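Asker: Next up, query-v6.pdb (PDB, C-alpha atoms, pLDDT in the B column).
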```pdb
ATOM      1  CA  MET D   1     -12.961  -9.320   5.464  1.00 54.00           C
ATOM      2  CA  LYS D   2     -15.010 -12.483   4.815  1.00 54.00           C
ATOM      3  CA  LYS D   3     -13.092 -13.062   1.563  1.00 56.00           C
ATOM      4  CA  LEU D   4      -9.742 -12.689   3.344  1.00 51.00           C
ATOM      5  CA  PHE D   5     -10.869 -15.115   6.038  1.00 50.00           C
ATOM      6  CA  LEU D   6     -11.867 -17.640   3.367  1.00 52.00           C
ATOM      7  CA  LEU D   7      -8.468 -17.248   1.688  1.00 51.00           C
ATOM      8  CA  MET D   8      -6.715 -18.019   4.957  1.00 54.00           C
ATOM      9  CA  LEU D   9      -8.929 -21.086   5.425  1.00 52.00           C
ATOM     10  CA  LEU D  10      -8.066 -22.152   1.873  1.00 53.00           C
ATOM     11  CA  ILE D  11      -4.339 -21.938   2.545  1.00 50.00           C
ATOM     12  CA  CYS D  12      -4.724 -23.963   5.725  1.00 54.00           C
ATOM     13  CA  GLY D  13      -7.085 -26.404   4.039  1.00 54.00           C
ATOM     14  CA  VAL D  14      -4.747 -27.115   1.134  1.00 49.00           C
ATOM     15  CA  THR D  15      -1.998 -28.089   3.546  1.00 48.00           C
ATOM     16  CA  ALA D  16      -4.128 -29.886   6.130  1.00 51.00           C
ATOM     17  CA  THR D  17      -4.208 -33.341   4.534  1.00 52.00           C
ATOM     18  CA  SER D  18      -0.466 -33.316   3.831  1.00 51.00           C
ATOM     19  CA  PHE D  19       0.587 -31.690   7.077  1.00 51.00           C
ATOM     20  CA  ALA D  20      -0.478 -34.760   9.049  1.00 52.00           C
ATOM     21  CA  GLN D  21       2.160 -36.767   7.187  1.00 54.00           C
ATOM     22  CA  SER D  22       4.893 -34.224   7.828  1.00 56.00           C
ATOM     23  CA  ASP D  23       7.008 -33.818  10.933  1.00 65.00           C
ATOM     24  CA  TRP D  24       6.570 -30.777  13.172  1.00 77.00           C
ATOM     25  CA  LYS D  25      10.088 -29.482  12.707  1.00 89.00           C
ATOM     26  CA  VAL D  26      10.201 -25.690  12.987  1.00 93.00           C
ATOM     27  CA  ARG D  27      13.009 -23.826  11.288  1.00 94.00           C
ATOM     28  CA  TYR D  28      13.831 -20.298  10.181  1.00 96.00           C
ATOM     29  CA  GLN D  29      13.098 -19.235   6.597  1.00 96.00           C
ATOM     30  CA  GLY D  30      13.780 -15.898   4.942  1.00 96.00           C
ATOM     31  CA  GLU D  31      13.087 -14.376   1.528  1.00 96.00           C
ATOM     32  CA  LEU D  32      14.363 -11.474  -0.528  1.00 98.00           C
ATOM     33  CA  ASN D  33      12.181 -10.587  -3.522  1.00 98.00           C
ATOM     34  CA  LEU D  34      12.246  -8.096  -6.368  1.00 98.00           C
ATOM     35  CA  GLY D  35       9.109  -7.413  -8.342  1.00 97.00           C
ATOM     36  CA  TYR D  36       6.865  -5.110 -10.301  1.00 97.00           C
ATOM     37  CA  ALA D  37       3.194  -4.202  -9.964  1.00 96.00           C
ATOM     38  CA  THR D  38       1.104  -2.749 -12.788  1.00 91.00           C
ATOM     39  CA  GLY D  39      -1.369   0.135 -12.737  1.00 79.00           C
ATOM     40  CA  GLY D  40      -5.110  -0.229 -12.408  1.00 80.00           C
ATOM     41  CA  LYS D  41      -8.355   1.499 -11.530  1.00 85.00           C
ATOM     42  CA  LEU D  42      -8.162   4.120  -8.797  1.00 89.00           C
ATOM     43  CA  LYS D  43     -11.287   3.882  -6.633  1.00 91.00           C
ATOM     44  CA  MET D  44     -12.140   7.052  -4.709  1.00 89.00           C
ATOM     45  CA  ASP D  45     -14.711   7.611  -1.976  1.00 88.00           C
ATOM     46  CA  PHE D  46     -15.393  11.251  -1.058  1.00 78.00           C
ATOM     47  CA  ASN D  47     -18.336  12.017   1.248  1.00 75.00           C
ATOM     48  CA  GLY D  48     -20.091   8.827   0.192  1.00 76.00           C
ATOM     49  CA  GLN D  49     -19.634   9.467  -3.529  1.00 81.00           C
ATOM     50  CA  ASN D  50     -17.696   6.778  -5.389  1.00 85.00           C
ATOM     51  CA  GLU D  51     -15.660   7.345  -8.536  1.00 87.00           C
ATOM     52  CA  LYS D  52     -13.252   5.244 -10.584  1.00 87.00           C
ATOM     53  CA  VAL D  53     -10.355   6.712 -12.562  1.00 85.00           C
ATOM     54  CA  LYS D  54      -7.924   4.835 -14.805  1.00 87.00           C
ATOM     55  CA  THR D  55      -4.497   5.366 -13.281  1.00 87.00           C
ATOM     56  CA  ASN D  56      -0.941   4.163 -13.818  1.00 90.00           C
ATOM     57  CA  PHE D  57       0.010   3.036 -10.320  1.00 91.00           C
ATOM     58  CA  SER D  58       2.889   0.954 -11.697  1.00 93.00           C
ATOM     59  CA  ARG D  59       5.740   0.466  -9.266  1.00 94.00           C
ATOM     60  CA  PRO D  60       8.906  -1.560  -8.763  1.00 97.00           C
ATOM     61  CA  LEU D  61       9.112  -3.218  -5.376  1.00 97.00           C
ATOM     62  CA  LEU D  62      11.637  -4.759  -3.023  1.00 98.00           C
ATOM     63  CA  GLU D  63      10.671  -6.835   0.002  1.00 98.00           C
ATOM     64  CA  THR D  64      12.140  -9.112   2.611  1.00 98.00           C
ATOM     65  CA  ILE D  65      10.200 -11.668   4.661  1.00 98.00           C
ATOM     66  CA  HIS D  66      11.403 -13.520   7.750  1.00 98.00           C
ATOM     67  CA  GLY D  67       9.579 -16.199   9.692  1.00 97.00           C
ATOM     68  CA  VAL D  68       9.286 -19.887  10.473  1.00 97.00           C
ATOM     69  CA  ARG D  69       8.690 -22.918   8.285  1.00 94.00           C
ATOM     70  CA  VAL D  70       6.627 -25.586  10.045  1.00 93.00           C
ATOM     71  CA  GLY D  71       7.350 -28.937   8.477  1.00 90.00           C
ATOM     72  CA  ASP D  72       7.303 -28.945   4.682  1.00 89.00           C
ATOM     73  CA  TYR D  73       3.899 -27.406   4.185  1.00 91.00           C
ATOM     74  CA  LEU D  74       3.361 -24.194   6.156  1.00 94.00           C
ATOM     75  CA  PHE D  75       5.144 -20.859   6.568  1.00 96.00           C
ATOM     76  CA  GLY D  76       4.334 -17.722   8.546  1.00 97.00           C
ATOM     77  CA  GLY D  77       6.426 -14.583   8.847  1.00 97.00           C
ATOM     78  CA  LEU D  78       6.658 -10.803   8.902  1.00 98.00           C
ATOM     79  CA  GLY D  79       7.578  -8.775   5.836  1.00 98.00           C
ATOM     80  CA  LEU D  80       8.856  -5.290   5.128  1.00 98.00           C
ATOM     81  CA  GLY D  81       9.020  -3.713   1.673  1.00 97.00           C
ATOM     82  CA  VAL D  82       9.650  -0.582  -0.335  1.00 97.00           C
ATOM     83  CA  GLN D  83       7.631   0.452  -3.404  1.00 97.00           C
ATOM     84  CA  TYR D  84       7.865   3.465  -5.690  1.00 96.00           C
ATOM     85  CA  ALA D  85       4.824   4.464  -7.773  1.00 94.00           C
ATOM     86  CA  HIS D  86       5.960   6.546 -10.739  1.00 90.00           C
ATOM     87  CA  GLY D  87       3.133   6.552 -13.323  1.00 86.00           C
ATOM     88  CA  ASP D  88       0.457   9.098 -14.254  1.00 85.00           C
ATOM     89  CA  LEU D  89      -2.163   9.953 -11.654  1.00 81.00           C
ATOM     90  CA  SER D  90      -4.820   9.805 -14.366  1.00 77.00           C
ATOM     91  CA  GLU D  91      -4.501   8.257 -17.814  1.00 73.00           C
ATOM     92  CA  GLU D  92      -7.652  10.154 -18.829  1.00 72.00           C
ATOM     93  CA  VAL D  93      -5.859  13.533 -18.653  1.00 70.00           C
ATOM     94  CA  VAL D  94      -3.361  14.580 -21.335  1.00 70.00           C
ATOM     95  CA  HIS D  95      -0.848  16.274 -19.043  1.00 71.00           C
ATOM     96  CA  SER D  96      -1.420  14.447 -15.795  1.00 74.00           C
ATOM     97  CA  GLU D  97       0.782  14.782 -12.743  1.00 84.00           C
ATOM     98  CA  ASP D  98       2.785  11.729 -11.663  1.00 87.00           C
ATOM     99  CA  TRP D  99       2.359   9.742  -8.488  1.00 91.00           C
ATOM    100  CA  ASP D 100       6.068   9.945  -7.536  1.00 93.00           C
ATOM    101  CA  THR D 101       5.249   8.228  -4.258  1.00 95.00           C
ATOM    102  CA  ALA D 102       7.509   6.039  -2.098  1.00 96.00           C
ATOM    103  CA  MET D 103       5.731   3.586   0.215  1.00 97.00           C
ATOM    104  CA  MET D 104       6.698   1.019   2.851  1.00 97.00           C
ATOM    105  CA  PRO D 105       4.305  -1.925   3.372  1.00 97.00           C
ATOM    106  CA  ILE D 106       4.570  -3.899   6.615  1.00 98.00           C
ATOM    107  CA  PHE D 107       2.685  -7.208   6.607  1.00 98.00           C
ATOM    108  CA  PHE D 108       2.161 -10.728   7.896  1.00 98.00           C
ATOM    109  CA  ASN D 109       2.693 -13.413   5.251  1.00 98.00           C
ATOM    110  CA  LEU D 110       1.195 -16.903   5.272  1.00 97.00           C
ATOM    111  CA  LYS D 111       2.113 -19.606   2.731  1.00 97.00           C
ATOM    112  CA  GLY D 112       0.815 -23.099   2.141  1.00 95.00           C
ATOM    113  CA  TYR D 113       3.262 -25.367   0.261  1.00 94.00           C
ATOM    114  CA  TYR D 114       2.642 -28.626  -1.587  1.00 92.00           C
ATOM    115  CA  PRO D 115       6.053 -30.193  -2.336  1.00 90.00           C
ATOM    116  CA  ILE D 116       6.127 -32.237  -5.546  1.00 87.00           C
ATOM    117  CA  LYS D 117       9.848 -32.980  -5.517  1.00 87.00           C
ATOM    118  CA  LYS D 118      12.617 -32.436  -3.016  1.00 84.00           C
ATOM    119  CA  HIS D 119      13.604 -29.069  -4.473  1.00 88.00           C
ATOM    120  CA  PHE D 120      10.337 -27.981  -6.094  1.00 94.00           C
ATOM    121  CA  ALA D 121       7.212 -26.841  -4.243  1.00 95.00           C
ATOM    122  CA  PRO D 122       4.199 -24.850  -5.566  1.00 96.00           C
ATOM    123  CA  TYR D 123       2.426 -22.687  -2.995  1.00 97.00           C
ATOM    124  CA  ILE D 124      -0.319 -20.170  -2.388  1.00 97.00           C
ATOM    125  CA  SER D 125       0.443 -16.971  -0.489  1.00 97.00           C
ATOM    126  CA  LEU D 126      -1.523 -14.335   1.432  1.00 97.00           C
ATOM    127  CA  SER D 127      -0.146 -11.118   2.950  1.00 98.00           C
ATOM    128  CA  LEU D 128      -2.088  -8.731   5.209  1.00 98.00           C
ATOM    129  CA  GLY D 129      -0.829  -5.480   6.654  1.00 98.00           C
ATOM    130  CA  ALA D 130      -0.611  -1.724   6.243  1.00 97.00           C
ATOM    131  CA  THR D 131       1.418   0.746   4.209  1.00 96.00           C
ATOM    132  CA  ALA D 132       3.126   3.956   5.285  1.00 96.00           C
ATOM    133  CA  VAL D 133       3.775   6.719   2.721  1.00 96.00           C
ATOM    134  CA  LEU D 134       7.424   7.766   3.022  1.00 95.00           C
ATOM    135  CA  ALA D 135       7.363  10.622   0.497  1.00 94.00           C
ATOM    136  CA  SER D 136       5.051  11.840  -2.258  1.00 93.00           C
ATOM    137  CA  ASP D 137       4.754  14.672  -4.765  1.00 88.00           C
ATOM    138  CA  MET D 138       1.101  14.790  -3.752  1.00 86.00           C
ATOM    139  CA  ASN D 139       2.141  16.236  -0.385  1.00 86.00           C
ATOM    140  CA  LYS D 140       1.834  19.980  -0.864  1.00 84.00           C
ATOM    141  CA  SER D 141       1.403  23.039   1.324  1.00 81.00           C
ATOM    142  CA  LYS D 142       1.130  26.770   0.686  1.00 82.00           C
ATOM    143  CA  SER D 143       0.387  29.878   2.691  1.00 81.00           C
ATOM    144  CA  ASN D 144       0.113  33.631   2.262  1.00 81.00           C
ATOM    145  CA  SER D 145      -0.632  36.550   4.526  1.00 76.00           C
ATOM    146  CA  GLY D 146      -1.025  40.293   4.536  1.00 75.00           C
ATOM    147  CA  SER D 147      -2.153  43.299   6.523  1.00 75.00           C
ATOM    148  CA  ARG D 148      -3.845  46.630   6.095  1.00 68.00           C
ATOM    149  CA  PRO D 149      -2.884  49.547   8.310  1.00 72.00           C
ATOM    150  CA  GLY D 150      -5.530  51.149  10.471  1.00 60.00           C
ATOM    151  CA  HIS D 151      -6.388  54.800  10.980  1.00 53.00           C
ATOM    152  CA  GLN D 152      -7.285  55.826  14.505  1.00 59.00           C
ATOM    153  CA  GLY D 153      -8.815  59.129  13.439  1.00 53.00           C
ATOM    154  CA  LEU D 154     -11.176  57.428  11.001  1.00 51.00           C
ATOM    155  CA  GLY D 155     -11.921  54.608  13.387  1.00 53.00           C
ATOM    156  CA  ILE D 156     -10.364  51.966  11.121  1.00 57.00           C
ATOM    157  CA  ASP D 157      -8.623  49.144  12.936  1.00 67.00           C
ATOM    158  CA  LYS D 158      -5.557  47.387  11.611  1.00 70.00           C
ATOM    159  CA  TYR D 159      -6.480  44.267   9.613  1.00 67.00           C
ATOM    160  CA  ASN D 160      -4.273  41.156   9.502  1.00 75.00           C
ATOM    161  CA  TRP D 161      -5.054  38.030   7.521  1.00 71.00           C
ATOM    162  CA  SER D 162      -3.489  34.727   6.497  1.00 80.00           C
ATOM    163  CA  ASN D 163      -4.494  31.687   4.416  1.00 84.00           C
ATOM    164  CA  SER D 164      -2.910  28.246   4.416  1.00 84.00           C
ATOM    165  CA  SER D 165      -3.639  24.885   2.828  1.00 84.00           C
ATOM    166  CA  GLU D 166      -2.073  21.443   3.098  1.00 88.00           C
ATOM    167  CA  THR D 167      -2.534  18.226   1.122  1.00 91.00           C
ATOM    168  CA  LYS D 168      -1.079  14.974   2.439  1.00 93.00           C
ATOM    169  CA  LEU D 169      -1.181  11.407   1.115  1.00 94.00           C
ATOM    170  CA  LYS D 170      -1.356   8.714   3.786  1.00 95.00           C
ATOM    171  CA  GLY D 171      -1.127   4.945   3.596  1.00 95.00           C
ATOM    172  CA  GLY D 172      -3.726   2.354   4.468  1.00 95.00           C
ATOM    173  CA  PHE D 173      -4.665  -1.312   4.272  1.00 97.00           C
ATOM    174  CA  TYR D 174      -2.323  -3.596   2.294  1.00 97.00           C
ATOM    175  CA  CYS D 175      -3.040  -7.068   0.942  1.00 97.00           C
ATOM    176  CA  ASP D 176      -1.670  -9.397  -1.711  1.00 96.00           C
ATOM    177  CA  PHE D 177      -2.756 -12.872  -2.743  1.00 97.00           C
ATOM    178  CA  GLY D 178      -0.990 -15.062  -5.271  1.00 97.00           C
ATOM    179  CA  VAL D 179       0.440 -18.383  -6.326  1.00 97.00           C
ATOM    180  CA  GLY D 180       4.030 -19.343  -6.910  1.00 97.00           C
ATOM    181  CA  PHE D 181       6.703 -21.975  -6.567  1.00 96.00           C
ATOM    182  CA  THR D 182      10.155 -22.479  -5.116  1.00 95.00           C
ATOM    183  CA  ALA D 183      12.860 -24.259  -7.090  1.00 94.00           C
ATOM    184  CA  ARG D 184      15.877 -24.896  -4.890  1.00 90.00           C
ATOM    185  CA  LYS D 185      16.779 -21.437  -3.569  1.00 94.00           C
ATOM    186  CA  PHE D 186      14.776 -19.489  -6.130  1.00 96.00           C
ATOM    187  CA  ASN D 187      11.271 -18.141  -5.585  1.00 96.00           C
ATOM    188  CA  PHE D 188       8.662 -16.976  -8.115  1.00 97.00           C
ATOM    189  CA  ASN D 189       5.253 -15.541  -7.273  1.00 97.00           C
ATOM    190  CA  LEU D 190       2.451 -13.699  -9.093  1.00 97.00           C
ATOM    191  CA  GLY D 191      -1.017 -12.504  -8.158  1.00 97.00           C
ATOM    192  CA  LEU D 192      -3.066  -9.475  -7.151  1.00 96.00           C
ATOM    193  CA  MET D 193      -2.048  -6.647  -4.815  1.00 96.00           C
ATOM    194  CA  HIS D 194      -4.458  -4.261  -3.087  1.00 96.00           C
ATOM    195  CA  GLN D 195      -3.282  -0.901  -1.757  1.00 96.00           C
ATOM    196  CA  GLY D 196      -5.443   1.464   0.306  1.00 95.00           C
ATOM    197  CA  LEU D 197      -4.619   5.189   0.513  1.00 95.00           C
ATOM    198  CA  LYS D 198      -6.080   8.320   2.051  1.00 94.00           C
ATOM    199  CA  LEU D 199      -5.774  11.896   0.769  1.00 92.00           C
ATOM    200  CA  VAL D 200      -6.195  14.472   3.546  1.00 92.00           C
ATOM    201  CA  GLN D 201      -6.753  18.139   2.672  1.00 89.00           C
ATOM    202  CA  LYS D 202      -6.785  20.958   5.229  1.00 90.00           C
ATOM    203  CA  LYS D 203      -7.529  24.664   4.783  1.00 88.00           C
ATOM    204  CA  GLU D 204      -7.248  27.441   7.339  1.00 84.00           C
ATOM    205  CA  GLN D 205      -8.150  31.126   7.135  1.00 84.00           C
ATOM    206  CA  TYR D 206      -7.415  33.741   9.790  1.00 77.00           C
ATOM    207  CA  ASN D 207      -8.031  37.412  10.337  1.00 73.00           C
ATOM    208  CA  ASN D 208      -7.918  39.488  13.502  1.00 70.00           C
ATOM    209  CA  ARG D 209     -11.637  40.280  13.298  1.00 71.00           C
ATOM    210  CA  THR D 210     -13.283  36.890  12.964  1.00 75.00           C
ATOM    211  CA  GLY D 211     -10.446  34.643  14.158  1.00 74.00           C
ATOM    212  CA  VAL D 212      -9.624  31.235  12.712  1.00 80.00           C
ATOM    213  CA  ASP D 213     -11.816  29.330  10.255  1.00 79.00           C
ATOM    214  CA  SER D 214     -10.600  25.862   9.294  1.00 83.00           C
ATOM    215  CA  ASN D 215     -11.961  22.817   7.482  1.00 84.00           C
ATOM    216  CA  SER D 216     -10.628  19.474   6.326  1.00 85.00           C
ATOM    217  CA  SER D 217     -11.657  16.662   4.003  1.00 86.00           C
ATOM    218  CA  LYS D 218     -10.584  13.047   3.508  1.00 89.00           C
ATOM    219  CA  THR D 219     -10.747  11.032   0.304  1.00 90.00           C
ATOM    220  CA  LYS D 220     -10.372   7.263   0.632  1.00 92.00           C
ATOM    221  CA  MET D 221      -8.629   5.629  -2.322  1.00 92.00           C
ATOM    222  CA  SER D 222      -7.600   2.123  -3.320  1.00 94.00           C
ATOM    223  CA  VAL D 223      -5.864   0.422  -6.246  1.00 94.00           C
ATOM    224  CA  THR D 224      -5.758  -3.286  -7.118  1.00 93.00           C
ATOM    225  CA  SER D 225      -2.807  -4.291  -9.301  1.00 93.00           C
ATOM    226  CA  PHE D 226      -1.325  -7.388 -10.895  1.00 96.00           C
ATOM    227  CA  TYR D 227       2.179  -8.200  -9.624  1.00 97.00           C
ATOM    228  CA  ALA D 228       5.074 -10.574 -10.285  1.00 97.00           C
ATOM    229  CA  LYS D 229       7.983 -11.283  -7.921  1.00 97.00           C
ATOM    230  CA  LEU D 230      11.284 -13.103  -8.310  1.00 97.00           C
ATOM    231  CA  GLY D 231      13.692 -13.762  -5.471  1.00 97.00           C
ATOM    232  CA  VAL D 232      15.623 -16.139  -3.290  1.00 96.00           C
ATOM    233  CA  LYS D 233      14.839 -17.951  -0.053  1.00 92.00           C
ATOM    234  CA  PHE D 234      17.334 -18.774   2.624  1.00 91.00           C
TER     235      PHE D 234
END
```
Turn the structure described in the file into structure tokens.

Answerer:
Amino acid sequence: MKKLFLLMLLICGVTATSFAQSDWKVRYQGELNLGYATGGKLKMDFNGQNEKVKTNFSRPLLETIHGVRVGDYLFGGLGLGVQYAHGDLSEEVVHSEDWDTAMMPIFFNLKGYYPIKKHFAPYISLSLGATAVLASDMNKSKSNSGSRPGHQGLGIDKYNWSNSSETKLKGGFYCDFGVGFTARKFNFNLGLMHQGLKLVQKKEQYNNRTGVDSNSSKTKMSVTSFYAKLGVKF
């Protein structure tokens, strides 16, 4: 969190000296961006044990951001996106399963501009938010059950049993930081994108003698990727 706070101070600091020379005119600004993020290292934390796996978390992305431009140097707005991770879960396994995961990041975006010409302005950008998993092939569930008849004369009671398990991928913290520029209505941006995830696994066993026995586990995961975006502002 300290690093993110320093990044926000940097964005504000870059614009501070120029902002004093700008007017305080506030106007609407929107963006529509297409992009692509590469794979990376999948960091996993399970019961305090950390592990890194080379993964292909590559994904195309679409996002729209809407907010206010304050003068020529500062922008703040809310963004909503859609991403689809399609690569191999592990590049260290020959026949690895795919991510096949659709996600929706929701974030606050802050930009600091430094106009060089009337229609050309480099900037630095920071987005902070959270991601929801819309659908994933990692979400799985299965169950089975059975019974054994009893025999009253032998003193054997009827025995019923069932087993079930569920695996679900959930979203988490989202952040991206990059540099870019606007040229007239066009926008280009590249940088690093961090995505937090959580894998929740639940198991439940039941029989009519001992009742229900259940347990669950959570694995925290995160991936940091390089991204590039191209779009328009309006």

Asker: Figure out the distance between atom CA of D:Gly76 and atom CA of D:Tyr174, please, to one decimal in Å.

Answerer: 16.8 Å

Asker: Have a look at D:Ser164, D:Gly129, D:Pro122, D:Val94 and name the one nearest to D:Gly178; count only C-alpha atoms.

Answerer: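 Looking only at the distances to D:Gly178, the closest residue turns out to be D:Pro122.
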
Asker: Please evaluate the PyMOL selection byres ((chain D and resi 227) around 7) against the displayed coordinates and give the resulting residues as a PyMOL selection string.

Answerer: chain D and resi 36-38+190-193+225-226+228-229

Asker: When the PyMOL selection byres ((chain D and resi 47) around 12) is applied to the file above, which residues end up in the set, as a list in words?

Answerer: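 Written out, the selection comes to Met44, Asp45, Phe46, Gly48, Gln49, Asn50, Glu51, Ser216, Ser217, Lys218, Thr219 and Lys220 of chain D.
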
Asker: One number please: atom CA of D:Gly231 to atom CA of D:Ala132, in Å, one decimal.

Answerer: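 Distance between the two atoms: 23.3 Å.
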
Asker: Find the residue from D:Asn160, D:Asn33, D:Asn109, D:Gln83 that sits nearest to D:Asn208; use all atoms listed in the file when measuring.

Answerer: D:Asn160

Asker: So what does the PyMOL selection byres ((chain D and resi 232) around 10) actually pick up in this one, as a ChimeraX atom specification?

Answerer: /D:30-34,64,182-188,230-231,233-234

Asker: Between atom CA of D:Asn139 and atom CA of D:Ser165, measure the distance and give it in Å to one decimal.

Answerer: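 The value is 10.9 Å.
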
Asker: Just checking: using only C-alpha atoms, which residue out of D:Ser58, D:Asn207, D:Ser141, D:Ser90 ends up closest to D:Lys158?

Answerer: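 Under the stated criterion, the closest residue is D:Asn207.
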
Asker: My list of candidates is D:Glu166, D:Leu89, D:Asp72, D:Ser214. Which is closest to D:Lys117 when distances are computed with only C-alpha atoms?

Answerer: D:Asp72

Asker: Which of these, D:Met103, D:Glu92, D:Ser143, D:Asn215, has the shortest distance to D:Leu42 once you count all atoms listed in the file?

Answerer: D:Glu92

Asker: Determine the axis-aligned bounding box of all atoms of stretch 50-56 of chain D present in the file, pad each side by 3 Å, and express its centre and edge lengths in Å to one decimal place as AutoDock Vina command-line options.

Answerer:
```
--center_x -9.3 --center_y 5.8 --center_z -10.1 --size_x 22.8 --size_y 9.2 --size_z 15.4
```

Asker: Smallest atom-to-atom distance to D:Gly87: which of D:Gly39, D:Gly112, D:Gly146, D:Pro105, using only C-alpha atoms?

Answerer: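 Counting only C-alpha atoms, the residue closest to D:Gly87 is D:Gly39.
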
Asker: So that I can see what lies close to D:Tyr123, please list as a PDB file with C-alpha atoms, keeping the file's coordinate frame the residues with an atom at most 12 Å from it, counting all atoms listed in the file and leaving out residues fewer than 2 positions away in the same chain.

Answerer:
```pdb
ATOM      1  CA  LEU D  10      -8.066 -22.152   1.873  1.00 53.00           C
ATOM      2  CA  ILE D  11      -4.339 -21.938   2.545  1.00 50.00           C
ATOM      3  CA  CYS D  12      -4.724 -23.963   5.725  1.00 54.00           C
ATOM      4  CA  VAL D  14      -4.747 -27.115   1.134  1.00 49.00           C
ATOM      5  CA  THR D  15      -1.998 -28.089   3.546  1.00 48.00           C
ATOM      6  CA  ASP D  72       7.303 -28.945   4.682  1.00 89.00           C
ATOM      7  CA  TYR D  73       3.899 -27.406   4.185  1.00 91.00           C
ATOM      8  CA  LEU D  74       3.361 -24.194   6.156  1.00 94.00           C
ATOM      9  CA  PHE D  75       5.144 -20.859   6.568  1.00 96.00           C
ATOM     10  CA  LEU D 110       1.195 -16.903   5.272  1.00 97.00           C
ATOM     11  CA  LYS D 111       2.113 -19.606   2.731  1.00 97.00           C
ATOM     12  CA  GLY D 112       0.815 -23.099   2.141  1.00 95.00           C
ATOM     13  CA  TYR D 113       3.262 -25.367   0.261  1.00 94.00           C
ATOM     14  CA  TYR D 114       2.642 -28.626  -1.587  1.00 92.00           C
ATOM     15  CA  PRO D 115       6.053 -30.193  -2.336  1.00 90.00           C
ATOM     16  CA  ILE D 116       6.127 -32.237  -5.546  1.00 87.00           C
ATOM     17  CA  PHE D 120      10.337 -27.981  -6.094  1.00 94.00           C
ATOM     18  CA  ALA D 121       7.212 -26.841  -4.243  1.00 95.00           C
ATOM     19  CA  SER D 125       0.443 -16.971  -0.489  1.00 97.00           C
ATOM     20  CA  LEU D 126      -1.523 -14.335   1.432  1.00 97.00           C
ATOM     21  CA  PHE D 177      -2.756 -12.872  -2.743  1.00 97.00           C
ATOM     22  CA  GLY D 178      -0.990 -15.062  -5.271  1.00 97.00           C
ATOM     23  CA  VAL D 179       0.440 -18.383  -6.326  1.00 97.00           C
ATOM     24  CA  GLY D 180       4.030 -19.343  -6.910  1.00 97.00           C
ATOM     25  CA  PHE D 181       6.703 -21.975  -6.567  1.00 96.00           C
ATOM     26  CA  THR D 182      10.155 -22.479  -5.116  1.00 95.00           C
ATOM     27  CA  ALA D 183      12.860 -24.259  -7.090  1.00 94.00           C
ATOM     28  CA  ASN D 187      11.271 -18.141  -5.585  1.00 96.00           C
ATOM     29  CA  PHE D 188       8.662 -16.976  -8.115  1.00 97.00           C
ATOM     30  CA  ASN D 189       5.253 -15.541  -7.273  1.00 97.00           C
ATOM     31  CA  LEU D 190       2.451 -13.699  -9.093  1.00 97.00           C
ATOM     32  CA  GLY D 191      -1.017 -12.504  -8.158  1.00 97.00           C
TER      33      GLY D 191
END
```
